[in-house]
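Visitor: To start, I am sharing the structure in question, which I have written as structure tokens.
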Amino acid sequence: MTTTSSSSPGTGRRRPSGLAWRRARWGYVFIAPWIIGFFLFTLIPMVATFIFTFTNIDLANMDDIQFVGLENYAQLLTDSQTHASLLVTFKFAIIALPVAMLLPFGVAMLVNSRHVMAPSFFRVLFFLPYVVPFVAGVLIWQQMLSDNGWVNDFLRAIGIQDPPNWLQSTTWIYPGLVIMGVWGIGAGIIVYLAGLKGVPTELYDAAKVDGANRFNAIWHITDRKS
């Protein structure tokens, strides 16, 4: 079944037909909750926060708002704590970003392998921690990474008598937070799996016939197509 559309006289534009307009209207209806939520809880707070950076505001007394221009930014750039915070963020990013990108990709490659039995079970298994409430996940890992937690008990069992203090040491807090982040890689695994499923298996078979190894297949086929 085909739909036709008429053109507005003198403009050359094609007006959508009734069926196309109804489909578009229902599309807008379905995405309306997301759009409303985005405006109310993301866009408007971001704009308001940006505007407040040019003021001296007391949240307890919203009636007394003073415009200070770029004074807050000037103070921010000269504050030594700002430099220290940026350094901490940079150190954490060096460790966290490779893990957050490579680990989900590696797990997705394993789950997507034809040699893995019951791949749907493993997809659900890896995604389940992602749906655990954030506060509950933090409390669980706080207990696991404490001095007498499960992680340190395991390290003592294998012969490490002085395990690291994950959450209290300025050195071990970075890997400790990365370990906590591994808890939520399920979403990344699902995204990578969706891309891997879109790569035709014939390309891998042809590459194998041509003598390509596993790394070449990943680099030239998986990375280009997914």
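Chains: A, B, ... in order of the structure tokens. Residues: from 1 per chain. Ligands: from 1, in order shown.
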Looking only at strand (DSSP E) from DSSP on the backbone, list the matching residues of region 5-170 of chain A as a list in words.
Guide: Thr55, Asn56, Ile57, Asp58, Asn61, Met62, Asp63, Asp64, Ile65, Gln66 and Phe67 of chain A
Visitor: Please, could you write that set of residues out with N, CA, C and O atoms as an mmCIF file, in the first residue's frame?
Guide:
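Everything below was put into selection.cif:
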data_model
loop_
_atom_site.group_PDB
_atom_site.id
_atom_site.type_symbol
_atom_site.label_atom_id
_atom_site.label_comp_id
_atom_site.auth_asym_id
_atom_site.auth_seq_id
_atom_site.Cartn_x
_atom_site.Cartn_y
_atom_site.Cartn_z
ATOM 1 N N THR A 55 26.095 34.230 39.534
ATOM 2 C CA THR A 55 25.472 34.920 40.659
ATOM 3 C C THR A 55 26.076 34.432 41.967
ATOM 4 O O THR A 55 26.748 33.397 42.029
ATOM 5 N N ASN A 56 25.828 35.181 42.994
ATOM 6 C CA ASN A 56 26.137 34.785 44.368
ATOM 7 C C ASN A 56 24.811 34.456 45.027
ATOM 8 O O ASN A 56 24.068 35.342 45.418
ATOM 9 N N ILE A 57 24.508 33.170 45.132
ATOM 10 C CA ILE A 57 23.181 32.734 45.534
ATOM 11 C C ILE A 57 23.255 31.951 46.839
ATOM 12 O O ILE A 57 24.202 31.186 47.071
ATOM 13 N N ASP A 58 22.302 32.174 47.678
ATOM 14 C CA ASP A 58 22.137 31.430 48.920
ATOM 15 C C ASP A 58 20.855 30.610 48.786
ATOM 16 O O ASP A 58 19.758 31.168 48.709
ATOM 17 N N ASN A 61 18.068 31.358 51.038
ATOM 18 C CA ASN A 61 17.379 32.642 50.858
ATOM 19 C C ASN A 61 17.428 33.006 49.373
ATOM 20 O O ASN A 61 18.315 33.733 48.920
ATOM 21 N N MET A 62 16.475 32.474 48.628
ATOM 22 C CA MET A 62 16.473 32.664 47.183
ATOM 23 C C MET A 62 16.128 34.102 46.788
ATOM 24 O O MET A 62 16.291 34.476 45.621
ATOM 25 N N ASP A 63 15.645 34.896 47.725
ATOM 26 C CA ASP A 63 15.300 36.275 47.398
ATOM 27 C C ASP A 63 16.540 37.161 47.260
ATOM 28 O O ASP A 63 16.471 38.231 46.645
ATOM 29 N N ASP A 64 17.647 36.728 47.842
ATOM 30 C CA ASP A 64 18.869 37.537 47.819
ATOM 31 C C ASP A 64 19.852 36.927 46.816
ATOM 32 O O ASP A 64 20.739 36.160 47.166
ATOM 33 N N ILE A 65 19.677 37.259 45.551
ATOM 34 C CA ILE A 65 20.548 36.768 44.480
ATOM 35 C C ILE A 65 21.319 37.952 43.914
ATOM 36 O O ILE A 65 20.728 38.927 43.441
ATOM 37 N N GLN A 66 22.648 37.876 43.965
ATOM 38 C CA GLN A 66 23.495 38.961 43.503
ATOM 39 C C GLN A 66 24.263 38.522 42.257
ATOM 40 O O GLN A 66 24.885 37.450 42.244
ATOM 41 N N PHE A 67 24.215 39.323 41.225
ATOM 42 C CA PHE A 67 24.944 39.034 39.995
ATOM 43 C C PHE A 67 26.405 39.443 40.174
ATOM 44 O O PHE A 67 26.709 40.594 40.494
#
Visitor: For Leu193 (chain A), find every residue with an atom within 10 Å (counting only C-alpha atoms), except residues of its own chain fewer than 2 positions away, and show them as a list in words.
Guide: Pro104, Phe105, Val107, Ala108, Met109, Leu110, Val111, Asn112, Arg123, Ala187, Gly188, Ile189, Ile190, Val191, Gly195, Leu196, Lys197, Gly198 and Ser226 of chain A
Visitor: Between CA of Ala194 (chain A) and CA of Ile179 (chain A), what is the distance, to one decimal in Å?
Guide: 24.7 Å
Visitor: Would you mind writing down, as number ranges by chain, each residue of region 95-146 of chain A that DSSP on the backbone assigns to alpha helix (DSSP H)?
Guide: A: 95-112, 119-127, 134-144
Visitor: Just the selected residues (C-alpha atoms), exported as a PDB file, in the first residue's frame, please.
Guide:
ATOM      1  CA  ILE A  95      42.253   3.694  34.907  1.00  0.00           C
ATOM      2  CA  ALA A  96      38.486   3.749  34.496  1.00  0.00           C
ATOM      3  CA  LEU A  97      38.039   4.609  30.808  1.00  0.00           C
ATOM      4  CA  PRO A  98      40.036   1.686  29.339  1.00  0.00           C
ATOM      5  CA  VAL A  99      38.271  -0.743  31.687  1.00  0.00           C
ATOM      6  CA  ALA A 100      34.839   0.725  30.946  1.00  0.00           C
ATOM      7  CA  MET A 101      35.412   0.384  27.187  1.00  0.00           C
ATOM      8  CA  LEU A 102      37.521  -2.741  26.742  1.00  0.00           C
ATOM      9  CA  LEU A 103      35.975  -5.017  29.377  1.00  0.00           C
ATOM     10  CA  PRO A 104      32.365  -4.792  28.073  1.00  0.00           C
ATOM     11  CA  PHE A 105      33.655  -5.266  24.529  1.00  0.00           C
ATOM     12  CA  GLY A 106      35.642  -8.350  25.523  1.00  0.00           C
ATOM     13  CA  VAL A 107      32.697  -9.882  27.377  1.00  0.00           C
ATOM     14  CA  ALA A 108      30.397  -9.100  24.433  1.00  0.00           C
ATOM     15  CA  MET A 109      32.830 -10.850  22.090  1.00  0.00           C
ATOM     16  CA  LEU A 110      32.808 -13.923  24.319  1.00  0.00           C
ATOM     17  CA  VAL A 111      29.018 -13.984  24.636  1.00  0.00           C
ATOM     18  CA  ASN A 112      28.655 -13.471  20.892  1.00  0.00           C
ATOM     19  CA  PRO A 119      24.117 -16.896  25.228  1.00  0.00           C
ATOM     20  CA  SER A 120      20.742 -15.480  26.321  1.00  0.00           C
ATOM     21  CA  PHE A 121      21.404 -16.701  29.860  1.00  0.00           C
ATOM     22  CA  PHE A 122      24.747 -14.903  29.973  1.00  0.00           C
ATOM     23  CA  ARG A 123      23.220 -11.710  28.568  1.00  0.00           C
ATOM     24  CA  VAL A 124      20.675 -11.692  31.378  1.00  0.00           C
ATOM     25  CA  LEU A 125      23.332 -12.648  33.939  1.00  0.00           C
ATOM     26  CA  PHE A 126      25.611  -9.741  33.027  1.00  0.00           C
ATOM     27  CA  PHE A 127      22.765  -7.234  32.717  1.00  0.00           C
ATOM     28  CA  PHE A 134      22.428   2.543  42.744  1.00  0.00           C
ATOM     29  CA  VAL A 135      22.256   2.992  46.514  1.00  0.00           C
ATOM     30  CA  ALA A 136      21.951  -0.762  47.079  1.00  0.00           C
ATOM     31  CA  GLY A 137      24.933  -1.396  44.811  1.00  0.00           C
ATOM     32  CA  VAL A 138      27.064   1.138  46.674  1.00  0.00           C
ATOM     33  CA  LEU A 139      26.183  -0.406  50.052  1.00  0.00           C
ATOM     34  CA  ILE A 140      27.009  -3.898  48.748  1.00  0.00           C
ATOM     35  CA  TRP A 141      30.408  -2.861  47.423  1.00  0.00           C
ATOM     36  CA  GLN A 142      31.152  -0.808  50.523  1.00  0.00           C
ATOM     37  CA  GLN A 143      30.757  -3.971  52.546  1.00  0.00           C
ATOM     38  CA  MET A 144      32.726  -6.094  50.088  1.00  0.00           C
TER      39      MET A 144
END
Visitor: Near Pro164 (chain A), within 8 Å and counting only C-alpha atoms, which residues show up once chain neighbours fewer than 3 positions away are dropped, as a ChimeraX atom specification?
Guide: /A:147,152,169,172
Visitor: Restricting it to N, CA, C and O atoms, dump the selection as a short mmCIF file (atom, residue, chain, number, x, y, z; two decimals), in the first residue's frame.
Guide:
data_model
loop_
_atom_site.label_atom_id
_atom_site.label_comp_id
_atom_site.auth_asym_id
_atom_site.auth_seq_id
_atom_site.Cartn_x
_atom_site.Cartn_y
_atom_site.Cartn_z
N ASP A 147 37.65 -3.34 55.18
CA ASP A 147 38.84 -4.06 55.65
C ASP A 147 38.55 -5.52 55.95
O ASP A 147 39.38 -6.39 55.72
N ASN A 152 38.89 -8.68 50.76
CA ASN A 152 40.10 -8.82 51.58
C ASN A 152 40.17 -10.19 52.23
O ASN A 152 41.27 -10.73 52.43
N SER A 169 42.37 4.36 51.46
CA SER A 169 43.72 4.69 50.99
C SER A 169 43.63 5.59 49.76
O SER A 169 42.84 5.34 48.84
N TRP A 172 44.72 3.25 46.76
CA TRP A 172 43.87 2.15 46.32
C TRP A 172 42.43 2.55 46.05
O TRP A 172 41.63 1.72 45.60
#
Visitor: What lies within 12 Å of region 72-76 of chain A using only C-alpha atoms, ignoring chain neighbours under 2 positions off, as a compact mmCIF listing (two decimals) with C-alpha atoms, in the first residue's frame?
Guide:
# COMPACT_ATOMS: atom_id res chain seq x y z
CA PHE A 50 24.73 27.69 34.26
CA ILE A 51 22.89 30.94 34.98
CA PHE A 52 23.48 30.58 38.73
CA THR A 53 27.25 30.38 38.11
CA PHE A 54 27.16 34.11 37.35
CA THR A 55 25.47 34.92 40.66
CA ASN A 56 26.14 34.79 44.37
CA ILE A 57 23.18 32.73 45.53
CA GLN A 66 23.49 38.96 43.50
CA PHE A 67 24.94 39.03 40.00
CA VAL A 68 28.75 38.75 40.15
CA GLY A 69 29.64 38.11 36.52
CA LEU A 70 32.79 36.03 36.00
CA THR A 78 42.91 30.37 41.11
CA ASP A 79 41.75 27.88 43.74
CA SER A 80 44.34 25.19 44.50
CA GLN A 81 41.60 22.68 45.29
CA THR A 82 40.38 22.97 41.70
CA HIS A 83 43.76 21.83 40.38
CA ALA A 84 43.86 18.97 42.88
CA SER A 85 40.34 17.88 41.90
CA LEU A 86 41.25 17.90 38.20
Visitor: Tell me, in Å to one decimal, how far CA of Ile185 (chain A) is from CA of Ile94 (chain A).
Guide: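 Answer for the CA of Ile185 (chain A) to CA of Ile94 (chain A) separation: 17.3 Å.
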Visitor: Calculate how many Å separate CA of Met180 (chain A) from CA of Leu145 (chain A), rounding to one decimal.
Guide: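 So the answer is 9.1 Å.
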Visitor: Which residue out of A:Ala212, A:Leu177, A:Leu203, A:Ala217 has the minimum interatomic distance to Phe92 (chain A) when only C-alpha atoms are used?
Guide: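 For Phe92 (chain A), the nearest of the given residues is A:Leu177.
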